[in-house]
Amino acid sequence: MAVVRQEAGGPFELDWRARIQTCPPNLPRQPFHAVAEQGFDQEVIAEVYGAAVGLGRRAIEVARLESKGSLSAAAVAIGRLGRADSRPETAATLKSHAMLHSAEGELYRDALTQAAAEEGLRIVRFISKEVRSEAAAALGCSLAQLETRLDEIGKAAGRPWTKDEKDATAASMLALATVPSR
C-alpha cells in the first residue's frame with residue numbers, strides 16, 4: 001500500500017508505504033484451496049473475506065494516522081474475473097485449480113475495495129499489468145517520464161523499493177490524477 005500526495009501541481013511525494021496483511025494467521029490464506037483440497041467448510045471463504053475487509057480498514061486507518069496528507073481515493077486492481085456478477089458459482093470454482101487462484105485474487109481485491117469504500121475513499125480500478133501506463137496517461141506524461149519519477153521517489157524512500165511498491169505508488173498517482181478532490 002502506498003500513499004502519495006501532490007502539493008499545488010508540484011511533484012508527487014511518497015507519504016507512507018507498507019505491505020499490508022490481508023489474512024490473519026488463524027485462517028487459510030487460500031480459502032478456496034482449503035475448501036477444495038483440505039475439506040474446510042465453505043463458510044471459511046466468508047470468514048477470510050470478512051477478516052480481509054477488517055485488516056484493510058485497519059491498514060487505511062494506520063495510513064491516515066502515519067501519512068502527512070489526507071486520503072481521498074484508493075486504487076485497486078481488476079482481476080481476470082472482473083465483475084462479481086460474472087463470476088462462476090463457488091461449486092464450479094472449486095472444481096478448477098486455475099479458478100481457485102482467480103477466485104482468491106478476486107476475494108482479496110473485493111475485500112480491499114469494500115474496506116476502502118467503508119472508509120469513505122473513492123475507488124479507482126486498474127488492470128494490474130497496465131497500472132504504470134494507465135498512470136502515465138492520466139498524468140499526461142510518457143511512460144519513461146513516469147518511470148523516472150518512480151525511480152526518484154524510490155531513491156527518496158530508500159530500500160527496499162520493489163516492483164510491488166513501484167506499482168502501488170503508480171496506482172496511488174493514478175487515483176490522485178483521476179479522482180477529483182473533495
# chains A, B, ... in the order shown; residues from 1 in each chain; ligands from 1
call {"tool": "residues_around", "arguments": {"residues": "range 129-134 of chain A", "least_positions_apart": "3", "cutoff": "12 Å", "atoms": "only C-alpha atoms", "output": "PDB file with N, CA, C and O atoms, in the first residue's frame"}}
result
ATOM      1  N   ALA A  75      -6.768   2.909  -5.056  1.00  0.00           N
ATOM      2  CA  ALA A  75      -6.661   2.243  -6.348  1.00  0.00           C
ATOM      3  C   ALA A  75      -6.563   0.746  -6.092  1.00  0.00           C
ATOM      4  O   ALA A  75      -5.732   0.302  -5.304  1.00  0.00           O
ATOM      5  N   VAL A  76      -7.429  -0.017  -6.735  1.00  0.00           N
ATOM      6  CA  VAL A  76      -7.470  -1.459  -6.536  1.00  0.00           C
ATOM      7  C   VAL A  76      -7.455  -2.121  -7.907  1.00  0.00           C
ATOM      8  O   VAL A  76      -8.193  -1.721  -8.810  1.00  0.00           O
ATOM      9  N   ALA A  77      -6.633  -3.153  -8.031  1.00  0.00           N
ATOM     10  CA  ALA A  77      -6.502  -3.853  -9.314  1.00  0.00           C
ATOM     11  C   ALA A  77      -7.792  -4.563  -9.703  1.00  0.00           C
ATOM     12  O   ALA A  77      -8.580  -4.969  -8.849  1.00  0.00           O
ATOM     13  N   ILE A  78      -7.989  -4.707 -10.983  1.00  0.00           N
ATOM     14  CA  ILE A  78      -9.077  -5.507 -11.537  1.00  0.00           C
ATOM     15  C   ILE A  78      -8.466  -6.850 -11.909  1.00  0.00           C
ATOM     16  O   ILE A  78      -7.450  -6.917 -12.588  1.00  0.00           O
ATOM     17  N   GLY A  79      -9.093  -7.923 -11.476  1.00  0.00           N
ATOM     18  CA  GLY A  79      -8.604  -9.256 -11.800  1.00  0.00           C
ATOM     19  C   GLY A  79      -9.199  -9.770 -13.092  1.00  0.00           C
ATOM     20  O   GLY A  79      -9.996  -9.100 -13.747  1.00  0.00           O
ATOM     21  N   ARG A  80      -8.840 -10.972 -13.434  1.00  0.00           N
ATOM     22  CA  ARG A  80      -9.322 -11.585 -14.671  1.00  0.00           C
ATOM     23  C   ARG A  80     -10.824 -11.827 -14.657  1.00  0.00           C
ATOM     24  O   ARG A  80     -11.478 -11.792 -15.687  1.00  0.00           O
ATOM     25  N   VAL A 124     -10.668   3.707  -7.510  1.00  0.00           N
ATOM     26  CA  VAL A 124     -10.191   3.710  -8.892  1.00  0.00           C
ATOM     27  C   VAL A 124      -9.729   2.287  -9.174  1.00  0.00           C
ATOM     28  O   VAL A 124      -8.919   1.737  -8.438  1.00  0.00           O
ATOM     29  N   ARG A 125     -10.275   1.685 -10.222  1.00  0.00           N
ATOM     30  CA  ARG A 125      -9.879   0.319 -10.593  1.00  0.00           C
ATOM     31  C   ARG A 125      -8.917   0.398 -11.770  1.00  0.00           C
ATOM     32  O   ARG A 125      -9.039   1.260 -12.632  1.00  0.00           O
ATOM     33  N   PHE A 126      -7.945  -0.504 -11.798  1.00  0.00           N
ATOM     34  CA  PHE A 126      -6.971  -0.535 -12.879  1.00  0.00           C
ATOM     35  C   PHE A 126      -6.583  -1.976 -13.175  1.00  0.00           C
ATOM     36  O   PHE A 126      -6.744  -2.850 -12.336  1.00  0.00           O
ATOM     37  N   ALA A 137      -0.750   7.901 -18.612  1.00  0.00           N
ATOM     38  CA  ALA A 137      -1.784   8.532 -19.441  1.00  0.00           C
ATOM     39  C   ALA A 137      -2.620   9.513 -18.620  1.00  0.00           C
ATOM     40  O   ALA A 137      -2.907  10.627 -19.077  1.00  0.00           O
ATOM     41  N   ALA A 138      -2.998   9.120 -17.410  1.00  0.00           N
ATOM     42  CA  ALA A 138      -3.812  10.005 -16.562  1.00  0.00           C
ATOM     43  C   ALA A 138      -3.053  11.263 -16.162  1.00  0.00           C
ATOM     44  O   ALA A 138      -3.642  12.325 -15.989  1.00  0.00           O
ATOM     45  N   LEU A 139      -1.750  11.138 -16.028  1.00  0.00           N
ATOM     46  CA  LEU A 139      -0.918  12.279 -15.630  1.00  0.00           C
ATOM     47  C   LEU A 139      -0.467  13.117 -16.822  1.00  0.00           C
ATOM     48  O   LEU A 139       0.132  14.177 -16.645  1.00  0.00           O
ATOM     49  N   GLY A 140      -0.724  12.623 -18.032  1.00  0.00           N
ATOM     50  CA  GLY A 140      -0.326  13.357 -19.229  1.00  0.00           C
ATOM     51  C   GLY A 140       1.178  13.358 -19.455  1.00  0.00           C
ATOM     52  O   GLY A 140       1.737  14.334 -19.941  1.00  0.00           O
ATOM     53  N   CYS A 141       1.827  12.252 -19.119  1.00  0.00           N
ATOM     54  CA  CYS A 141       3.273  12.149 -19.336  1.00  0.00           C
ATOM     55  C   CYS A 141       3.578  10.827 -20.026  1.00  0.00           C
ATOM     56  O   CYS A 141       2.710   9.962 -20.159  1.00  0.00           O
ATOM     57  N   SER A 142       4.791  10.682 -20.454  1.00  0.00           N
ATOM     58  CA  SER A 142       5.194   9.429 -21.092  1.00  0.00           C
ATOM     59  C   SER A 142       5.477   8.381 -20.021  1.00  0.00           C
ATOM     60  O   SER A 142       5.719   8.710 -18.851  1.00  0.00           O
ATOM     61  N   LEU A 143       5.482   7.125 -20.433  1.00  0.00           N
ATOM     62  CA  LEU A 143       5.812   6.048 -19.513  1.00  0.00           C
ATOM     63  C   LEU A 143       7.246   6.227 -18.995  1.00  0.00           C
ATOM     64  O   LEU A 143       7.512   6.006 -17.805  1.00  0.00           O
ATOM     65  N   ALA A 144       8.142   6.661 -19.856  1.00  0.00           N
ATOM     66  CA  ALA A 144       9.533   6.898 -19.438  1.00  0.00           C
ATOM     67  C   ALA A 144       9.607   7.989 -18.368  1.00  0.00           C
ATOM     68  O   ALA A 144      10.358   7.865 -17.394  1.00  0.00           O
ATOM     69  N   GLN A 145       8.813   9.042 -18.519  1.00  0.00           N
ATOM     70  CA  GLN A 145       8.800  10.105 -17.507  1.00  0.00           C
ATOM     71  C   GLN A 145       8.257   9.591 -16.184  1.00  0.00           C
ATOM     72  O   GLN A 145       8.768   9.935 -15.116  1.00  0.00           O
ATOM     73  N   LEU A 146       7.211   8.759 -16.243  1.00  0.00           N
ATOM     74  CA  LEU A 146       6.663   8.186 -15.020  1.00  0.00           C
ATOM     75  C   LEU A 146       7.708   7.291 -14.348  1.00  0.00           C
ATOM     76  O   LEU A 146       7.901   7.364 -13.131  1.00  0.00           O
ATOM     77  N   GLU A 147       8.386   6.468 -15.136  1.00  0.00           N
ATOM     78  CA  GLU A 147       9.414   5.572 -14.579  1.00  0.00           C
ATOM     79  C   GLU A 147      10.524   6.383 -13.903  1.00  0.00           C
ATOM     80  O   GLU A 147      11.003   6.013 -12.826  1.00  0.00           O
ATOM     81  N   THR A 148      10.911   7.488 -14.515  1.00  0.00           N
ATOM     82  CA  THR A 148      11.932   8.357 -13.920  1.00  0.00           C
ATOM     83  C   THR A 148      11.444   8.899 -12.585  1.00  0.00           C
ATOM     84  O   THR A 148      12.186   8.912 -11.597  1.00  0.00           O
ATOM     85  N   ARG A 149      10.191   9.342 -12.549  1.00  0.00           N
ATOM     86  CA  ARG A 149       9.631   9.869 -11.301  1.00  0.00           C
ATOM     87  C   ARG A 149       9.539   8.782 -10.237  1.00  0.00           C
ATOM     88  O   ARG A 149       9.845   9.022  -9.069  1.00  0.00           O
ATOM     89  N   LEU A 150       9.145   7.568 -10.615  1.00  0.00           N
ATOM     90  CA  LEU A 150       9.097   6.457  -9.666  1.00  0.00           C
ATOM     91  C   LEU A 150      10.487   6.142  -9.117  1.00  0.00           C
ATOM     92  O   LEU A 150      10.649   5.868  -7.927  1.00  0.00           O
ATOM     93  N   LYS A 163       9.107  -3.939  -7.097  1.00  0.00           N
ATOM     94  CA  LYS A 163       8.118  -3.740  -8.160  1.00  0.00           C
ATOM     95  C   LYS A 163       6.744  -3.485  -7.553  1.00  0.00           C
ATOM     96  O   LYS A 163       6.007  -2.611  -8.017  1.00  0.00           O
ATOM     97  N   ASP A 164       6.380  -4.230  -6.516  1.00  0.00           N
ATOM     98  CA  ASP A 164       5.082  -4.030  -5.867  1.00  0.00           C
ATOM     99  C   ASP A 164       4.943  -2.610  -5.330  1.00  0.00           C
ATOM    100  O   ASP A 164       3.886  -1.997  -5.447  1.00  0.00           O
ATOM    101  N   GLU A 165       6.010  -2.088  -4.730  1.00  0.00           N
ATOM    102  CA  GLU A 165       5.959  -0.732  -4.182  1.00  0.00           C
ATOM    103  C   GLU A 165       5.872   0.313  -5.292  1.00  0.00           C
ATOM    104  O   GLU A 165       5.149   1.298  -5.166  1.00  0.00           O
ATOM    105  N   LYS A 166       6.596   0.075  -6.371  1.00  0.00           N
ATOM    106  CA  LYS A 166       6.511   0.988  -7.525  1.00  0.00           C
ATOM    107  C   LYS A 166       5.106   0.981  -8.109  1.00  0.00           C
ATOM    108  O   LYS A 166       4.544   2.034  -8.419  1.00  0.00           O
ATOM    109  N   ASP A 167       4.540  -0.220  -8.257  1.00  0.00           N
ATOM    110  CA  ASP A 167       3.191  -0.332  -8.810  1.00  0.00           C
ATOM    111  C   ASP A 167       2.159   0.303  -7.879  1.00  0.00           C
ATOM    112  O   ASP A 167       1.225   0.966  -8.339  1.00  0.00           O
ATOM    113  N   ALA A 168       2.307   0.105  -6.567  1.00  0.00           N
ATOM    114  CA  ALA A 168       1.369   0.714  -5.611  1.00  0.00           C
ATOM    115  C   ALA A 168       1.475   2.231  -5.660  1.00  0.00           C
ATOM    116  O   ALA A 168       0.470   2.941  -5.578  1.00  0.00           O
ATOM    117  N   THR A 169       2.682   2.740  -5.830  1.00  0.00           N
ATOM    118  CA  THR A 169       2.875   4.187  -5.925  1.00  0.00           C
ATOM    119  C   THR A 169       2.262   4.714  -7.224  1.00  0.00           C
ATOM    120  O   THR A 169       1.576   5.742  -7.223  1.00  0.00           O
ATOM    121  N   ALA A 170       2.473   3.990  -8.321  1.00  0.00           N
ATOM    122  CA  ALA A 170       1.859   4.391  -9.593  1.00  0.00           C
ATOM    123  C   ALA A 170       0.337   4.353  -9.477  1.00  0.00           C
ATOM    124  O   ALA A 170      -0.356   5.242  -9.983  1.00  0.00           O
ATOM    125  N   ALA A 171      -0.198   3.349  -8.798  1.00  0.00           N
ATOM    126  CA  ALA A 171      -1.650   3.256  -8.601  1.00  0.00           C
ATOM    127  C   ALA A 171      -2.158   4.438  -7.775  1.00  0.00           C
ATOM    128  O   ALA A 171      -3.215   5.004  -8.069  1.00  0.00           O
ATOM    129  N   SER A 172      -1.397   4.829  -6.757  1.00  0.00           N
ATOM    130  CA  SER A 172      -1.781   5.994  -5.947  1.00  0.00           C
ATOM    131  C   SER A 172      -1.767   7.265  -6.780  1.00  0.00           C
ATOM    132  O   SER A 172      -2.650   8.122  -6.647  1.00  0.00           O
ATOM    133  N   MET A 173      -0.774   7.389  -7.637  1.00  0.00           N
ATOM    134  CA  MET A 173      -0.699   8.555  -8.519  1.00  0.00           C
ATOM    135  C   MET A 173      -1.885   8.561  -9.477  1.00  0.00           C
ATOM    136  O   MET A 173      -2.493   9.611  -9.731  1.00  0.00           O
ATOM    137  N   LEU A 174      -2.231   7.386 -10.007  1.00  0.00           N
ATOM    138  CA  LEU A 174      -3.388   7.245 -10.894  1.00  0.00           C
ATOM    139  C   LEU A 174      -4.661   7.676 -10.170  1.00  0.00           C
ATOM    140  O   LEU A 174      -5.469   8.430 -10.720  1.00  0.00           O
ATOM    141  N   ALA A 175      -4.819   7.218  -8.928  1.00  0.00           N
ATOM    142  CA  ALA A 175      -6.017   7.577  -8.156  1.00  0.00           C
ATOM    143  C   ALA A 175      -6.096   9.081  -7.944  1.00  0.00           C
ATOM    144  O   ALA A 175      -7.152   9.689  -8.137  1.00  0.00           O
ATOM    145  N   ALA A 177      -4.771  11.395  -9.752  1.00  0.00           N
ATOM    146  CA  ALA A 177      -4.953  12.088 -11.029  1.00  0.00           C
ATOM    147  C   ALA A 177      -6.376  11.946 -11.572  1.00  0.00           C
ATOM    148  O   ALA A 177      -6.828  12.808 -12.333  1.00  0.00           O
ATOM    149  N   THR A 178      -7.085  10.889 -11.181  1.00  0.00           N
ATOM    150  CA  THR A 178      -8.392  10.647 -11.785  1.00  0.00           C
ATOM    151  C   THR A 178      -9.580  10.899 -10.860  1.00  0.00           C
ATOM    152  O   THR A 178     -10.714  10.905 -11.317  1.00  0.00           O
TER     153      THR A 178
END
call {"tool": "select_by_dssp", "arguments": {"residues": "range 43-114 of chain A", "states": "helix (DSSP H, G or I)", "output": "ChimeraX atom specification"}}
result
/A:43-66,84-86,90-93,97-114
call {"tool": "residues_around", "arguments": {"residues": "Pro31 in chain A", "least_positions_apart": "3", "cutoff": "9 Å", "atoms": "only C-alpha atoms", "output": "ChimeraX atom specification"}}
result
/A:27-28,34-36,40,42,44-48,100,104
call {"tool": "write_last_selection", "arguments": {"atoms": "C-alpha atoms", "output": "PDB file, in the first residue's frame"}}
result
ATOM      1  CA  LEU A  27      -7.284 -18.566   8.746  1.00  0.00           C
ATOM      2  CA  PRO A  28      -6.167 -20.201   5.494  1.00  0.00           C
ATOM      3  CA  ALA A  34      -8.700 -25.021   1.669  1.00  0.00           C
ATOM      4  CA  VAL A  35     -12.305 -25.860   0.804  1.00  0.00           C
ATOM      5  CA  ALA A  36     -11.487 -27.752  -2.418  1.00  0.00           C
ATOM      6  CA  PHE A  40     -12.789 -27.000   5.016  1.00  0.00           C
ATOM      7  CA  GLN A  42     -17.307 -23.207   2.622  1.00  0.00           C
ATOM      8  CA  VAL A  44     -14.256 -20.239   5.724  1.00  0.00           C
ATOM      9  CA  ILE A  45     -14.401 -18.260   2.457  1.00  0.00           C
ATOM     10  CA  ALA A  46     -16.751 -15.701   4.010  1.00  0.00           C
ATOM     11  CA  GLU A  47     -14.641 -15.690   7.179  1.00  0.00           C
ATOM     12  CA  VAL A  48     -11.469 -14.881   5.245  1.00  0.00           C
ATOM     13  CA  LEU A 100      -9.281 -21.333  -7.328  1.00  0.00           C
ATOM     14  CA  GLU A 104      -8.771 -15.946  -4.271  1.00  0.00           C
TER      15      GLU A 104
END
call {"tool": "closest_residue", "arguments": {"among": "A:Phe12, A:Phe32, A:Ala111, A:Asn26", "to": "Ser96 in chain A", "atoms": "only C-alpha atoms"}}
result
A:Phe32
call {"tool": "closest_residue", "arguments": {"among": "A:Ala2, A:Ala157, A:Ala52, A:Ala74", "to": "Leu107 in chain A", "atoms": "only C-alpha atoms"}}
result
A:Ala52
call {"tool": "residues_around", "arguments": {"residues": "Leu176 in chain A", "least_positions_apart": "5", "cutoff": "9 Å", "atoms": "only C-alpha atoms", "output": "mmCIF file with N, CA, C and O atoms, in the first residue's frame"}}
result
data_model
loop_
_atom_site.group_PDB
_atom_site.id
_atom_site.type_symbol
_atom_site.label_atom_id
_atom_site.label_comp_id
_atom_site.auth_asym_id
_atom_site.auth_seq_id
_atom_site.Cartn_x
_atom_site.Cartn_y
_atom_site.Cartn_z
ATOM 1 N N VAL A 4 0.509 8.660 -1.636
ATOM 2 C CA VAL A 4 1.263 9.757 -2.232
ATOM 3 C C VAL A 4 0.455 11.051 -2.092
ATOM 4 O O VAL A 4 -0.754 11.024 -1.901
ATOM 5 N N ARG A 5 1.171 12.146 -2.185
ATOM 6 C CA ARG A 5 0.499 13.449 -2.177
ATOM 7 C C ARG A 5 1.171 14.332 -3.213
ATOM 8 O O ARG A 5 2.289 14.074 -3.646
ATOM 9 N N GLN A 6 0.457 15.374 -3.583
ATOM 10 C CA GLN A 6 0.969 16.340 -4.547
ATOM 11 C C GLN A 6 0.489 17.711 -4.102
ATOM 12 O O GLN A 6 -0.708 17.943 -3.952
ATOM 13 N N SER A 72 -7.963 10.296 0.017
ATOM 14 C CA SER A 72 -9.224 10.587 -0.660
ATOM 15 C C SER A 72 -9.648 9.477 -1.606
ATOM 16 O O SER A 72 -10.819 9.368 -1.944
ATOM 17 N N ALA A 73 -8.701 8.640 -2.026
ATOM 18 C CA ALA A 73 -9.024 7.609 -3.004
ATOM 19 C C ALA A 73 -8.157 6.380 -2.788
ATOM 20 O O ALA A 73 -7.088 6.465 -2.191
ATOM 21 N N ALA A 74 -8.643 5.264 -3.289
ATOM 22 C CA ALA A 74 -7.890 4.018 -3.257
ATOM 23 C C ALA A 74 -7.886 3.435 -4.659
ATOM 24 O O ALA A 74 -8.897 3.484 -5.361
ATOM 25 N N ALA A 171 -0.198 3.349 -8.798
ATOM 26 C CA ALA A 171 -1.650 3.256 -8.601
ATOM 27 C C ALA A 171 -2.158 4.438 -7.775
ATOM 28 O O ALA A 171 -3.215 5.004 -8.069
ATOM 29 N N SER A 181 -10.674 16.024 -6.017
ATOM 30 C CA SER A 181 -10.560 16.203 -4.574
ATOM 31 C C SER A 181 -11.896 16.658 -4.012
ATOM 32 O O SER A 181 -12.714 17.244 -4.713
#
call {"tool": "closest_residue", "arguments": {"among": "A:Arg109, A:Ala18, A:Gly39, A:Glu118", "to": "Leu94 in chain A", "atoms": "only C-alpha atoms"}}
result
A:Gly39
call {"tool": "residues_around", "arguments": {"residues": "Trp161 in chain A", "least_positions_apart": "6", "cutoff": "10 Å", "atoms": "only C-alpha atoms", "output": "PyMOL selection string"}}
result
chain A and resi 150-151+153-155
call {"tool": "write_last_selection", "arguments": {"atoms": "C-alpha atoms", "output": "short mmCIF file (atom, residue, chain, number, x, y, z; two decimals), in the first residue's frame"}}
result
data_model
loop_
_atom_site.label_atom_id
_atom_site.label_comp_id
_atom_site.auth_asym_id
_atom_site.auth_seq_id
_atom_site.Cartn_x
_atom_site.Cartn_y
_atom_site.Cartn_z
CA LEU A 150 9.10 6.46 -9.67
CA ASP A 151 12.88 5.99 -9.53
CA ILE A 153 10.54 8.57 -5.34
CA GLY A 154 12.27 5.26 -4.64
CA LYS A 155 15.62 6.92 -4.01
#
call {"tool": "closest_residue", "arguments": {"among": "A:Val53, A:Val3, A:Ala156, A:Leu112", "to": "Glu66 in chain A", "atoms": "only C-alpha atoms"}}
result
A:Val3
call {"tool": "residues_around", "arguments": {"residues": "Ala116 in chain A", "least_positions_apart": "3", "cutoff": "8 Å", "atoms": "only C-alpha atoms", "output": "JSON, numbers by chain"}}
result
{"A": [56, 57, 60, 73, 74, 112, 113, 119, 120, 121, 122, 123]}
call {"tool": "closest_residue", "arguments": {"among": "A:Thr22, A:Met99, A:Gly158, A:Ile127", "to": "Arg58 in chain A", "atoms": "only C-alpha atoms"}}
result
A:Thr22
call {"tool": "atom_distance", "arguments": {"atom1": "CA of Cys23 in chain A", "atom2": "CA of Ala51 in chain A"}}
result
6.5 Å
call {"tool": "atom_distance", "arguments": {"atom1": "CA of Ala63 in chain A", "atom2": "CA of Arg17 in chain A"}}
result
8.0 Å
call {"tool": "atom_distance", "arguments": {"atom1": "CA of Ala136 in chain A", "atom2": "CA of Leu14 in chain A"}}
result
16.7 Å
call {"tool": "select_by_dssp", "arguments": {"residues": "chain A", "states": "strand (DSSP E or B)", "output": "count of residues only"}}
result
23
